[in-house]
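A.B. asks: File name work-v9.tsv; file contents TSV, C-alpha atoms; full text below.
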chain	number	residue	atom	x	y	z
M	1	MET	CA	-30.97	-17.79	-12.05
M	2	LEU	CA	-28.09	-16.73	-9.77
M	3	GLU	CA	-30.00	-13.61	-8.73
M	4	ASP	CA	-33.02	-15.76	-7.85
M	5	PHE	CA	-30.81	-18.05	-5.78
M	6	LEU	CA	-29.29	-15.11	-3.86
M	7	ASN	CA	-32.77	-13.67	-3.26
M	8	ALA	CA	-33.87	-17.09	-1.96
M	9	LEU	CA	-30.98	-17.14	0.53
M	10	SER	CA	-31.93	-13.64	1.66
M	11	ASN	CA	-35.53	-14.75	2.24
M	12	PHE	CA	-34.31	-17.79	4.20
M	13	LYS	CA	-32.37	-15.49	6.54
M	14	ARG	CA	-35.47	-13.44	7.23
M	15	ASN	CA	-37.49	-16.58	8.06
M	16	LYS	CA	-34.97	-18.81	9.82
M	17	ILE	CA	-37.46	-20.88	11.87
M	18	ARG	CA	-39.71	-21.49	8.88
M	19	THR	CA	-36.74	-22.49	6.72
M	20	LEU	CA	-35.40	-24.84	9.39
M	21	LEU	CA	-38.75	-26.57	9.73
M	22	SER	CA	-38.92	-26.95	5.95
M	23	LEU	CA	-35.43	-28.44	5.87
M	24	LEU	CA	-36.01	-31.03	8.60
M	25	GLY	CA	-38.05	-33.45	6.49
M	26	ILE	CA	-35.53	-33.36	3.65
M	27	ILE	CA	-32.52	-33.71	5.98
M	28	ILE	CA	-34.02	-36.66	7.83
M	29	GLY	CA	-35.04	-38.39	4.59
M	30	VAL	CA	-31.66	-38.00	2.87
M	31	ALA	CA	-29.71	-38.98	6.01
M	32	SER	CA	-31.90	-42.08	6.52
M	33	VAL	CA	-31.38	-43.30	2.96
M	34	ILE	CA	-27.60	-42.84	3.20
M	35	VAL	CA	-27.33	-44.57	6.59
M	36	ILE	CA	-29.41	-47.56	5.48
M	37	MET	CA	-27.60	-48.01	2.15
M	38	SER	CA	-24.16	-47.55	3.73
M	39	LEU	CA	-24.96	-50.12	6.41
M	40	GLY	CA	-26.11	-52.52	3.69
M	41	SER	CA	-22.86	-52.03	1.74
M	42	SER	CA	-20.78	-52.45	4.90
M	43	SER	CA	-22.65	-55.63	5.86
M	44	THR	CA	-22.06	-57.06	2.38
M	45	LYS	CA	-18.36	-56.27	2.63
M	46	GLN	CA	-18.20	-57.88	6.07
M	47	ILE	CA	-19.73	-61.07	4.66
M	48	GLN	CA	-17.11	-61.15	1.92
M	49	ASP	CA	-14.27	-60.42	4.36
M	50	THR	CA	-15.49	-63.08	6.79
M	51	PHE	CA	-15.43	-65.82	4.19
M	52	GLY	CA	-12.32	-64.48	2.49
M	53	SER	CA	-11.23	-65.38	-1.01
M	54	ALA	CA	-9.87	-68.89	-0.39
M	55	GLY	CA	-12.14	-71.63	-1.71
M	56	LEU	CA	-14.42	-69.35	-3.74
M	57	ASP	CA	-13.43	-71.29	-6.85
M	58	MET	CA	-14.39	-74.63	-5.29
M	59	ILE	CA	-17.64	-76.56	-5.69
M	60	SER	CA	-18.53	-79.47	-3.40
M	61	ILE	CA	-20.53	-82.44	-4.65
M	62	GLU	CA	-22.04	-85.03	-2.31
M	63	SER	CA	-24.37	-87.88	-3.15
M	64	GLY	CA	-27.97	-87.43	-2.04
M	65	PHE	CA	-28.71	-91.19	-1.92
M	66	MET	CA	-32.45	-90.82	-2.38
M	67	ARG	CA	-34.55	-93.98	-2.48
M	68	ARG	CA	-37.03	-95.18	-5.07
M	69	GLY	CA	-38.77	-98.17	-3.54
M	70	ARG	CA	-36.04	-100.53	-2.31
M	71	ASP	CA	-33.32	-99.23	-4.63
M	72	ALA	CA	-30.97	-96.46	-3.56
M	73	ILE	CA	-30.54	-93.71	-6.11
M	74	GLY	CA	-27.09	-92.22	-5.97
M	75	ILE	CA	-23.90	-91.69	-7.92
M	76	ASP	CA	-20.77	-93.74	-7.48
M	77	PHE	CA	-17.94	-91.22	-7.35
M	78	ASN	CA	-15.38	-93.43	-9.10
M	79	GLU	CA	-12.71	-92.59	-11.67
M	80	THR	CA	-15.21	-92.94	-14.51
M	81	PHE	CA	-17.39	-90.24	-12.98
M	82	ARG	CA	-14.34	-87.98	-12.58
M	83	GLU	CA	-13.38	-88.36	-16.24
M	84	ASN	CA	-16.92	-87.90	-17.54
M	85	LEU	CA	-17.54	-84.84	-15.36
M	86	PHE	CA	-14.35	-83.20	-16.59
M	87	ASP	CA	-15.21	-84.00	-20.23
M	88	ASN	CA	-18.87	-82.89	-20.09
M	89	ILE	CA	-18.68	-79.69	-18.02
M	90	GLU	CA	-16.68	-76.77	-19.39
M	91	GLY	CA	-14.90	-74.47	-16.98
M	92	ILE	CA	-13.52	-77.15	-14.64
M	93	LYS	CA	-9.87	-76.74	-13.74
M	94	LYS	CA	-9.26	-79.68	-11.40
M	95	ILE	CA	-11.24	-82.41	-9.63
M	96	TRP	CA	-10.27	-83.85	-6.24
M	97	TYR	CA	-11.78	-86.84	-4.48
M	98	LYS	CA	-12.10	-86.86	-0.72
M	99	ASN	CA	-13.27	-89.25	1.99
M	100	SER	CA	-13.90	-88.56	5.66
M	101	CYS	CA	-14.05	-90.57	8.85
M	102	SER	CA	-14.21	-89.95	12.58
M	103	VAL	CA	-10.95	-90.69	14.36
M	104	THR	CA	-9.30	-90.46	17.74
M	105	LEU	CA	-5.75	-89.10	17.80
M	106	SER	CA	-3.40	-89.66	20.72
M	107	TYR	CA	0.23	-89.02	21.49
M	108	GLY	CA	1.95	-91.74	23.50
M	109	GLU	CA	4.28	-89.66	25.65
M	110	THR	CA	1.55	-87.48	27.15
M	111	SER	CA	-1.39	-89.93	26.76
M	112	THR	CA	-3.50	-87.02	25.52
M	113	SER	CA	-6.14	-87.76	22.91
M	114	VAL	CA	-8.64	-85.83	20.83
M	115	ASN	CA	-11.68	-86.85	18.78
M	116	THR	CA	-11.84	-85.20	15.39
M	117	ASN	CA	-12.61	-85.69	11.72
M	118	ALA	CA	-9.96	-86.98	9.34
M	119	SER	CA	-10.13	-86.07	5.65
M	120	ALA	CA	-8.48	-88.38	3.18
M	121	ILE	CA	-7.28	-86.08	0.42
M	122	GLU	CA	-5.35	-86.15	-2.82
M	123	THR	CA	-2.15	-84.32	-3.66
M	124	ASN	CA	-2.33	-80.49	-3.83
M	125	TYR	CA	-5.85	-80.40	-2.38
M	126	LEU	CA	-4.82	-78.18	0.54
M	127	GLN	CA	-2.78	-75.92	-1.73
M	128	ALA	CA	-5.91	-75.29	-3.80
M	129	TYR	CA	-7.41	-73.64	-0.71
M	130	ASN	CA	-4.26	-71.54	-0.29
M	131	PHE	CA	-3.47	-73.26	2.99
M	132	SER	CA	0.03	-72.85	4.31
M	133	LEU	CA	2.06	-74.72	6.93
M	134	THR	CA	3.66	-73.43	10.09
M	135	SER	CA	6.07	-76.37	9.85
M	136	GLY	CA	6.61	-79.53	7.84
M	137	ASP	CA	5.58	-80.39	4.28
M	138	PHE	CA	2.44	-81.16	2.28
M	139	PHE	CA	1.78	-84.62	0.88
M	140	SER	CA	3.68	-85.55	-2.26
M	141	VAL	CA	2.34	-87.52	-5.22
M	142	THR	CA	4.25	-90.55	-3.96
M	143	ASP	CA	2.62	-90.27	-0.52
M	144	ASN	CA	-0.81	-90.48	-2.09
M	145	VAL	CA	-0.03	-93.23	-4.60
M	146	TYR	CA	1.64	-95.58	-2.11
M	147	GLY	CA	-0.57	-94.59	0.83
M	148	ALA	CA	2.08	-93.22	3.16
M	149	GLN	CA	1.20	-93.20	6.87
M	150	LYS	CA	1.64	-89.47	7.19
M	151	ILE	CA	-0.74	-86.93	8.71
M	152	ILE	CA	-1.16	-83.16	8.59
M	153	LEU	CA	-2.69	-81.62	11.70
M	154	GLY	CA	-4.85	-78.55	12.09
M	155	SER	CA	-3.41	-75.81	14.29
M	156	GLU	CA	-5.69	-76.38	17.31
M	157	ILE	CA	-5.21	-80.14	17.31
M	158	ALA	CA	-1.43	-79.72	17.03
M	159	ASN	CA	-1.41	-77.24	19.92
M	160	TYR	CA	-3.44	-79.66	22.04
M	161	LEU	CA	-1.34	-82.75	21.36
M	162	PHE	CA	1.97	-80.90	21.18
M	163	PRO	CA	1.81	-77.78	23.34
M	164	ASN	CA	5.57	-77.28	22.91
M	165	GLY	CA	5.15	-76.91	19.14
M	166	ASP	CA	7.41	-79.80	18.09
M	167	ALA	CA	4.81	-81.91	16.28
M	168	VAL	CA	6.57	-82.57	12.94
M	169	GLY	CA	8.22	-85.97	12.82
M	170	LYS	CA	6.46	-87.31	15.92
M	171	GLU	CA	4.47	-90.55	15.87
M	172	ILE	CA	0.82	-90.39	16.85
M	173	LEU	CA	-1.82	-93.11	17.12
M	174	LEU	CA	-4.93	-92.86	14.92
M	175	VAL	CA	-7.91	-95.01	15.83
M	176	THR	CA	-10.97	-95.39	13.59
M	177	SER	CA	-13.60	-98.15	13.52
M	178	ASN	CA	-11.64	-99.99	16.24
M	179	ILE	CA	-8.60	-100.14	13.97
M	180	SER	CA	-5.41	-98.35	15.02
M	181	PHE	CA	-2.55	-97.03	12.89
M	182	ASN	CA	0.68	-95.21	13.65
M	183	PHE	CA	1.12	-92.00	11.69
M	184	SER	CA	4.06	-89.65	11.36
M	185	VAL	CA	3.19	-85.95	11.56
M	186	ALA	CA	4.19	-84.46	8.19
M	187	GLY	CA	3.10	-80.89	8.83
M	188	VAL	CA	0.98	-78.46	10.83
M	189	LEU	CA	-1.41	-76.06	9.13
M	190	LYS	CA	-1.56	-72.35	9.86
M	191	GLU	CA	-4.84	-71.14	11.28
M	192	GLN	CA	-6.98	-69.87	8.43
M	193	SER	CA	-10.58	-68.67	8.33
M	194	GLY	CA	-12.91	-68.01	5.45
M	195	VAL	CA	-12.88	-71.40	3.73
M	196	MET	CA	-15.39	-74.20	3.25
M	197	GLU	CA	-13.99	-76.33	6.04
M	198	ASP	CA	-12.60	-75.68	9.50
M	199	ALA	CA	-9.07	-76.98	9.04
M	200	SER	CA	-7.88	-75.91	12.50
M	201	ASN	CA	-9.92	-78.72	14.14
M	202	SER	CA	-9.30	-81.32	11.44
M	203	CYS	CA	-6.52	-83.59	10.26
M	204	TYR	CA	-5.59	-84.86	6.82
M	205	ILE	CA	-4.20	-88.18	5.58
M	206	PRO	CA	-3.33	-89.38	2.06
M	207	ARG	CA	-6.38	-90.76	0.26
M	208	GLY	CA	-4.23	-93.58	-1.04
M	209	PHE	CA	-3.82	-94.88	2.52
M	210	TYR	CA	-7.55	-94.52	3.27
M	211	SER	CA	-8.63	-96.52	0.20
M	212	LYS	CA	-6.08	-99.27	0.89
M	213	LYS	CA	-6.23	-99.73	4.67
M	214	ILE	CA	-9.21	-97.97	6.25
M	215	SER	CA	-11.93	-98.48	3.62
M	216	PRO	CA	-10.83	-100.56	0.61
M	217	ASN	CA	-13.11	-98.77	-1.81
M	218	PRO	CA	-11.90	-96.52	-4.65
M	219	SER	CA	-15.08	-94.41	-4.57
M	220	ALA	CA	-15.13	-91.01	-2.87
M	221	SER	CA	-17.73	-89.61	-0.51
M	222	THR	CA	-17.17	-86.02	-1.64
M	223	VAL	CA	-16.03	-84.50	-4.92
M	224	MET	CA	-14.30	-81.13	-4.81
M	225	VAL	CA	-14.31	-79.32	-8.14
M	226	GLN	CA	-12.00	-76.39	-8.72
M	227	ILE	CA	-13.34	-74.10	-11.45
M	228	GLU	CA	-11.46	-71.71	-13.68
M	229	SER	CA	-13.30	-68.60	-12.47
M	230	SER	CA	-15.37	-68.06	-9.32
M	231	ASP	CA	-17.57	-65.66	-11.31
M	232	ASN	CA	-19.09	-68.68	-13.08
M	233	ALA	CA	-19.75	-70.62	-9.86
M	234	GLU	CA	-23.54	-70.32	-9.98
M	235	LYS	CA	-23.75	-71.44	-13.63
M	236	LEU	CA	-21.45	-74.39	-13.06
M	237	VAL	CA	-23.43	-75.47	-9.98
M	238	GLU	CA	-26.55	-75.59	-12.16
M	239	LYS	CA	-24.72	-77.49	-14.92
M	240	ILE	CA	-23.32	-80.06	-12.48
M	241	GLU	CA	-26.75	-80.58	-10.90
M	242	SER	CA	-28.31	-81.01	-14.34
M	243	TYR	CA	-25.59	-83.46	-15.43
M	244	CYS	CA	-25.96	-85.59	-12.30
M	245	GLN	CA	-29.73	-85.56	-12.67
M	246	LYS	CA	-29.36	-86.99	-16.17
M	247	LEU	CA	-27.15	-89.79	-14.81
M	248	THR	CA	-29.68	-90.87	-12.19
M	249	GLY	CA	-32.89	-89.64	-13.77
M	250	THR	CA	-33.86	-88.19	-10.40
M	251	GLU	CA	-33.78	-84.60	-9.18
M	252	GLY	CA	-31.86	-84.09	-5.96
M	253	SER	CA	-29.62	-87.12	-6.43
M	254	VAL	CA	-26.62	-84.97	-5.45
M	255	LYS	CA	-26.02	-82.01	-3.20
M	256	VAL	CA	-23.94	-79.30	-4.87
M	257	PHE	CA	-22.55	-76.46	-2.79
M	258	SER	CA	-20.50	-73.40	-3.69
M	259	MET	CA	-19.25	-70.82	-1.20
M	260	GLN	CA	-19.22	-68.17	-3.92
M	261	THR	CA	-22.90	-68.80	-4.66
M	262	MET	CA	-23.75	-68.69	-0.95
M	263	ILE	CA	-21.94	-65.36	-0.52
M	264	GLU	CA	-23.72	-63.95	-3.57
M	265	GLN	CA	-27.10	-65.05	-2.20
M	266	MET	CA	-26.41	-63.53	1.22
M	267	SER	CA	-25.18	-60.31	-0.37
M	268	SER	CA	-28.27	-60.22	-2.58
M	269	ILE	CA	-30.55	-60.60	0.45
M	270	THR	CA	-28.70	-57.82	2.30
M	271	SER	CA	-28.91	-55.52	-0.73
M	272	THR	CA	-32.62	-56.22	-1.21
M	273	LEU	CA	-33.39	-55.45	2.43
M	274	SER	CA	-31.33	-52.24	2.21
M	275	VAL	CA	-33.23	-51.10	-0.88
M	276	MET	CA	-36.59	-51.87	0.75
M	277	LEU	CA	-35.67	-49.95	3.91
M	278	ALA	CA	-34.29	-47.08	1.84
M	279	ALA	CA	-37.56	-46.96	-0.12
M	280	ILE	CA	-39.44	-46.66	3.18
M	281	ALA	CA	-37.06	-43.90	4.27
M	282	THR	CA	-37.84	-41.90	1.13
M	283	ILE	CA	-41.39	-41.47	2.45
M	284	SER	CA	-39.98	-38.82	4.78
M	285	LEU	CA	-38.71	-37.01	1.68
M	286	LEU	CA	-42.24	-36.96	0.30
M	287	VAL	CA	-43.56	-35.71	3.65
M	288	GLY	CA	-40.88	-33.04	3.61
M	289	GLY	CA	-41.91	-32.12	0.06
M	290	ILE	CA	-45.52	-31.63	1.16
M	291	GLY	CA	-44.27	-29.40	3.96
M	292	ILE	CA	-42.26	-27.35	1.48
M	293	MET	CA	-45.34	-26.94	-0.74
M	294	ASN	CA	-47.36	-25.65	2.22
M	295	ILE	CA	-44.59	-23.22	3.19
M	296	MET	CA	-44.29	-21.97	-0.38
M	297	ILE	CA	-48.06	-21.38	-0.59
M	298	VAL	CA	-47.82	-19.29	2.58
M	299	THR	CA	-44.78	-17.48	1.13
M	300	VAL	CA	-46.65	-16.64	-2.09
M	301	THR	CA	-49.55	-15.27	-0.04
M	302	GLU	CA	-47.23	-13.12	2.11
M	303	ARG	CA	-45.33	-11.74	-0.89
M	304	ARG	CA	-48.27	-10.80	-3.06
M	305	GLN	CA	-47.20	-7.15	-3.07
M	306	GLU	CA	-43.69	-8.07	-4.20
M	307	ILE	CA	-45.16	-10.19	-7.01
M	308	GLY	CA	-47.50	-7.38	-8.02
M	309	ILE	CA	-44.68	-4.81	-8.13
M	310	ARG	CA	-42.43	-7.08	-10.22
M	311	LYS	CA	-45.24	-7.79	-12.66
M	312	ALA	CA	-46.08	-4.10	-12.86
M	313	LEU	CA	-42.44	-3.44	-13.75
M	314	GLY	CA	-42.62	-5.94	-16.61
M	315	ALA	CA	-41.69	-9.29	-15.11
M	316	SER	CA	-43.24	-12.11	-17.16
M	317	PRO	CA	-45.14	-15.04	-15.56
M	318	SER	CA	-42.24	-17.38	-16.46
M	319	VAL	CA	-39.79	-15.16	-14.55
M	320	ILE	CA	-42.05	-15.16	-11.48
M	321	CYS	CA	-42.51	-18.93	-11.75
M	322	GLN	CA	-38.74	-19.43	-12.02
M	323	GLN	CA	-38.13	-17.25	-8.96
M	324	PHE	CA	-40.27	-19.41	-6.69
M	325	LEU	CA	-39.11	-22.69	-8.24
M	326	VAL	CA	-35.50	-21.72	-7.54
M	327	GLU	CA	-36.44	-20.83	-3.99
M	328	SER	CA	-38.18	-24.18	-3.47
M	329	ALA	CA	-35.30	-26.11	-5.04
M	330	SER	CA	-32.79	-24.16	-2.94
M	331	ILE	CA	-34.42	-25.41	0.26
M	332	THR	CA	-34.11	-29.04	-0.82
M	333	LEU	CA	-30.60	-28.38	-2.18
M	334	MET	CA	-29.43	-27.24	1.25
M	335	GLY	CA	-31.39	-30.01	2.94
M	336	GLY	CA	-29.76	-32.58	0.65
M	337	ILE	CA	-26.23	-31.32	1.42
M	338	VAL	CA	-26.84	-31.28	5.18
M	339	GLY	CA	-28.52	-34.70	4.94
M	340	ILE	CA	-25.52	-36.22	3.15
M	341	VAL	CA	-23.11	-34.87	5.78
M	342	LEU	CA	-25.35	-36.00	8.64
M	343	GLY	CA	-25.96	-39.41	7.06
M	344	GLY	CA	-22.23	-39.93	6.53
M	345	CYS	CA	-21.43	-39.05	10.14
M	346	LEU	CA	-24.20	-41.30	11.50
M	347	SER	CA	-23.05	-44.17	9.26
M	348	ILE	CA	-19.49	-43.89	10.53
M	349	ALA	CA	-20.71	-43.78	14.13
M	350	VAL	CA	-23.03	-46.80	13.78
M	351	GLU	CA	-20.46	-48.88	11.90
M	352	PHE	CA	-17.80	-47.98	14.47
M	353	ILE	CA	-20.09	-49.21	17.26
M	354	ARG	CA	-20.87	-52.40	15.34
M	355	SER	CA	-17.18	-52.88	14.40
M	356	LEU	CA	-17.94	-52.84	10.69
M	357	SER	CA	-15.56	-51.58	8.03
M	358	TYR	CA	-17.03	-48.32	6.75
M	359	VAL	CA	-18.23	-48.35	3.16
M	360	ILE	CA	-20.05	-45.24	1.98
M	361	SER	CA	-22.63	-45.82	-0.72
M	362	TRP	CA	-21.94	-43.01	-3.20
M	363	LYS	CA	-24.77	-44.26	-5.35
M	364	SER	CA	-27.23	-43.71	-2.52
M	365	CYS	CA	-25.79	-40.21	-1.95
M	366	PHE	CA	-26.42	-39.19	-5.55
M	367	ILE	CA	-29.86	-40.82	-5.63
M	368	ALA	CA	-30.97	-39.26	-2.33
M	369	PHE	CA	-29.61	-35.85	-3.28
M	370	GLY	CA	-31.15	-35.91	-6.75
M	371	PHE	CA	-34.49	-37.11	-5.40
M	372	SER	CA	-34.52	-34.35	-2.77
M	373	VAL	CA	-33.99	-31.68	-5.44
M	374	PHE	CA	-36.70	-33.28	-7.57
M	375	VAL	CA	-39.06	-33.20	-4.58
M	376	GLY	CA	-38.37	-29.47	-4.14
M	377	ILE	CA	-39.10	-28.70	-7.78
M	378	PHE	CA	-42.15	-30.97	-7.96
M	379	PHE	CA	-43.86	-29.71	-4.81
M	380	GLY	CA	-42.79	-26.13	-5.46
M	381	LEU	CA	-44.28	-26.15	-8.94
M	382	SER	CA	-47.88	-25.56	-7.87
M	383	PRO	CA	-47.13	-22.52	-5.65
M	384	ALA	CA	-44.80	-21.13	-8.35
M	385	ILE	CA	-47.51	-21.40	-11.02
M	386	ARG	CA	-49.99	-19.84	-8.62
M	387	ALA	CA	-47.62	-16.90	-8.11
M	388	SER	CA	-47.04	-16.47	-11.85
M	389	LYS	CA	-50.79	-16.24	-12.52
M	390	LEU	CA	-51.48	-13.50	-9.98
M	391	ASP	CA	-52.95	-10.34	-11.49
M	392	PRO	CA	-50.71	-7.38	-10.53
M	393	VAL	CA	-53.69	-5.13	-9.82
M	394	VAL	CA	-55.33	-7.74	-7.58
M	395	ALA	CA	-51.96	-8.51	-5.91
M	396	LEU	CA	-51.29	-4.81	-5.09
M	397	SER	CA	-54.83	-4.05	-4.00
M	398	GLY	CA	-54.98	-7.13	-1.77
M	399	GLU	CA	-51.92	-6.10	0.28
Could you express the structure from this file as structure tokens?
C.D. replies:
Amino acid sequence: MLEDFLNALSNFKRNKIRTLLSLLGIIIGVASVIVIMSLGSSSTKQIQDTFGSAGLDMISIESGFMRRGRDAIGIDFNETFRENLFDNIEGIKKIWYKNSCSVTLSYGETSTSVNTNASAIETNYLQAYNFSLTSGDFFSVTDNVYGAQKIILGSEIANYLFPNGDAVGKEILLVTSNISFNFSVAGVLKEQSGVMEDASNSCYIPRGFYSKKISPNPSASTVMVQIESSDNAEKLVEKIESYCQKLTGTEGSVKVFSMQTMIEQMSSITSTLSVMLAAIATISLLVGGIGIMNIMIVTVTERRQEIGIRKALGASPSVICQQFLVESASITLMGGIVGIVLGGCLSIAVEFIRSLSYVISWKSCFIAFGFSVFVGIFFGLSPAIRASKLDPVVALSGE
């Protein structure tokens, strides 16, 4: 086998142009597969990095409020629903209720104001998203129970109202539905991306205050469910949808959203497209294999005398067949190695231009390399068998 491989390399040296042309199809095919798969892996990683890890264990539930005739079909997110949801769905760690309203915030000394969305939240809701504060404190249990007039500002809103960075402890005016309240700034959030909500342009107040003064209604508009493991997000989304459907008897009565499920779906789409494009790229490997078969047929014809001499000296058909199979496989072996190197370099270059974090797909390297060797053996089999069946007398007389 080693002797056949060394003889193949010697023959490649004697026919450099022919060998190069035979290699091109394999090199292009292997490099294309690696570039496409690596770009797919890098795009998937970028999606995950963009959204981050905060909030992946959270599921959002909102009422769909569909209508059947004159009656609205929805779910009242009251304390009974919270208790029943926790008791009937396994895998839930914590349930938070949230309400939202449009507000106008202003600071008296500068007369600056900003329109934004205020979220009325329960204790430890922001901590569940791994939010942190640049200054101040989060809401306490007492703040929520007694409805303290405290507010936590997003970073951009705080910078707008308090450009000097001294927001904590200051009194601001909150206006909603033509009702105004004075709030004390309890804290300012650090800027954080990759979560369900854009906290930098939002503000937060205790839900206890909202349900007592702004909208005297204990029901929530949104339910945030923290689950024990983000790996089970998709299953729990389905269970929650099924449970809510049983309560109302109507499909689509609630809207259930999970960031983890969305990321998985986007990653799945990216992976599917990468596989489809890689499958198209393998066509060039097949074209290259056909080229190798043609070259090997020509090679067998040119080396008829060599085959005849070896057979006359006692070489068996299997030895002759092995010689040409090794030569055919050697071409694709070299093409596969060069293709992997070229594909890796092109992937790095493309991902550098696109500002993606480089992720090489080792799986695609092994698949492309193995397939290229298989192509060499498969398409080299016919010429090798043809060479092994040559009659030595005919081979020598035909030269």
A.B. asks: Could you give me, as CSV, every stretch 165-244 of chain M residue with an atom at most 10 Å from stretch 99-115 of chain M, plus its closest atom pair and distance in Å to one decimal, counting all atoms listed in the file, rows ordered by chain then number?
C.D. replies:
residue,atom,partner,partner_atom,distance
M:Ala167,CA,M:Tyr107,CA,9.9
M:Lys170,CA,M:Tyr107,CA,8.5
M:Glu171,CA,M:Tyr107,CA,7.2
M:Ile172,CA,M:Tyr107,CA,4.9
M:Leu173,CA,M:Ser106,CA,5.2
M:Leu174,CA,M:Leu105,CA,4.8
M:Val175,CA,M:Thr104,CA,5.1
M:Thr176,CA,M:Val103,CA,4.8
M:Ser177,CA,M:Val103,CA,8.0
M:Asn178,CA,M:Val103,CA,9.5
M:Ile179,CA,M:Val103,CA,9.7
M:Ser180,CA,M:Thr104,CA,9.2
M:Phe181,CA,M:Leu105,CA,9.9
M:Asn182,CA,M:Leu105,CA,9.8
M:Phe183,CA,M:Leu105,CA,9.6
M:Asn201,CA,M:Asn115,CA,9.5
M:Ser202,CA,M:Asn115,CA,9.5
M:Cys203,CA,M:Val103,CA,9.3
M:Tyr204,CA,M:Ser100,CA,9.2
M:Ile205,CA,M:Ser100,CA,9.7
M:Pro206,CA,M:Asn99,CA,9.9
M:Arg207,CA,M:Asn99,CA,7.3
M:Tyr210,CA,M:Asn99,CA,7.9
M:Ser211,CA,M:Asn99,CA,8.8
M:Ile214,CA,M:Cys101,CA,9.2
M:Ser215,CA,M:Asn99,CA,9.5
M:Pro218,CA,M:Asn99,CA,9.9
M:Ser219,CA,M:Asn99,CA,8.5
M:Ala220,CA,M:Asn99,CA,5.5
M:Ser221,CA,M:Asn99,CA,5.1
M:Thr222,CA,M:Asn99,CA,6.2
M:Val223,CA,M:Asn99,CA,8.8
A.B. asks: In Å, rounded to a single decimal, give me how far atom CA of M:Ile36 is from atom CA of M:Ser274.
C.D. replies: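 Computing it gives 6.0 Å between the two atoms.
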A.B. asks: Check the smallest atom-to-atom distance from each of M:Val188, M:Ser347, M:Gly154, M:Phe162 to M:Phe138 using all atoms listed in the file, then report the winner.
C.D. replies: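 Distance minimum relative to M:Phe138 lands on M:Val188.
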A.B. asks: Atom CA of M:Ile95 and atom CA of M:Gln192, how far apart in Å?
C.D. replies: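 Separation of atom CA of M:Gln192 and atom CA of M:Ile95: 22.4 Å.
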A.B. asks: Contacts of M:Ser316 at 12 Å or less, counting all atoms listed in the file, minus same-chain residues fewer than 3 places along, as JSON, numbers by chain?
C.D. replies: {"M": [307, 308, 309, 310, 311, 312, 313, 319, 320, 321, 322, 323, 385, 387, 388, 389, 390, 391, 392]}
A.B. asks: Neighbouring residues of M:Leu273 were defined as those with any atom within 12 Å, considering all atoms listed in the file; residues of the same chain fewer than 2 positions away were excluded. Please report them as a PyMOL selection string.
C.D. replies: chain M and resi 36-37+39-41+43-44+266-271+275-280
A.B. asks: Given the selection you just returned, output its residues as a file containing C-alpha atoms, formatted as a PDB file, in the frame of the given file.
C.D. replies:
ATOM      1  CA  ILE M  36     -29.410 -47.560   5.480  1.00  0.00           C
ATOM      2  CA  MET M  37     -27.600 -48.010   2.150  1.00  0.00           C
ATOM      3  CA  LEU M  39     -24.960 -50.120   6.410  1.00  0.00           C
ATOM      4  CA  GLY M  40     -26.110 -52.520   3.690  1.00  0.00           C
ATOM      5  CA  SER M  41     -22.860 -52.030   1.740  1.00  0.00           C
ATOM      6  CA  SER M  43     -22.650 -55.630   5.860  1.00  0.00           C
ATOM      7  CA  THR M  44     -22.060 -57.060   2.380  1.00  0.00           C
ATOM      8  CA  MET M 266     -26.410 -63.530   1.220  1.00  0.00           C
ATOM      9  CA  SER M 267     -25.180 -60.310  -0.370  1.00  0.00           C
ATOM     10  CA  SER M 268     -28.270 -60.220  -2.580  1.00  0.00           C
ATOM     11  CA  ILE M 269     -30.550 -60.600   0.450  1.00  0.00           C
ATOM     12  CA  THR M 270     -28.700 -57.820   2.300  1.00  0.00           C
ATOM     13  CA  SER M 271     -28.910 -55.520  -0.730  1.00  0.00           C
ATOM     14  CA  VAL M 275     -33.230 -51.100  -0.880  1.00  0.00           C
ATOM     15  CA  MET M 276     -36.590 -51.870   0.750  1.00  0.00           C
ATOM     16  CA  LEU M 277     -35.670 -49.950   3.910  1.00  0.00           C
ATOM     17  CA  ALA M 278     -34.290 -47.080   1.840  1.00  0.00           C
ATOM     18  CA  ALA M 279     -37.560 -46.960  -0.120  1.00  0.00           C
ATOM     19  CA  ILE M 280     -39.440 -46.660   3.180  1.00  0.00           C
TER      20      ILE M 280
END
A.B. asks: What's the separation between atom CA of M:Gly376 and atom CA of M:Lys363, in Å to one decimal place?
C.D. replies: 20.1 Å
A.B. asks: Nearest to M:Met296 among M:Ile240, M:Ile283, M:Val326, M:Leu126, with distances taken over only C-alpha atoms: which residue is it?
C.D. replies: M:Val326
A.B. asks: Which residues are close to M:Gly291, i.e. within 12 Å by all atoms listed in the file, leaving aside same-chain residues fewer than 3 positions away? Reply as a VMD selection string.
C.D. replies: chain M and resid 18 to 26 284 to 288 294 to 298 328 331 to 332 375 to 376 379 to 380
A.B. asks: May I ask which of the residues M:Gln265, M:Gln127, M:Ser184, M:Ser119 is the closest one to M:Lys150, counting all atoms listed in the file?
C.D. replies: M:Ser184
A.B. asks: Looking at only C-alpha atoms, which of M:Ala120, M:Ile290, M:Ile59, M:Val300 is the one that sits closest to M:Ala148?
C.D. replies: M:Ala120
A.B. asks: Report as a ChimeraX atom specification all protein, DNA and RNA residues lying within 7 Å of M:Gly136, evaluated on only C-alpha atoms, omitting residues in the same chain fewer than 5 positions from it.
C.D. replies: /M:168,186-188
A.B. asks: For the selection you just gave me, I'd like the residues written to a file as a compact mmCIF listing (two decimals), in the frame of the given file, keeping C-alpha atoms.
C.D. replies:
# COMPACT_ATOMS: atom_id res chain seq x y z
CA VAL M 168 6.57 -82.57 12.94
CA ALA M 186 4.19 -84.46 8.19
CA GLY M 187 3.10 -80.89 8.83
CA VAL M 188 0.98 -78.46 10.83
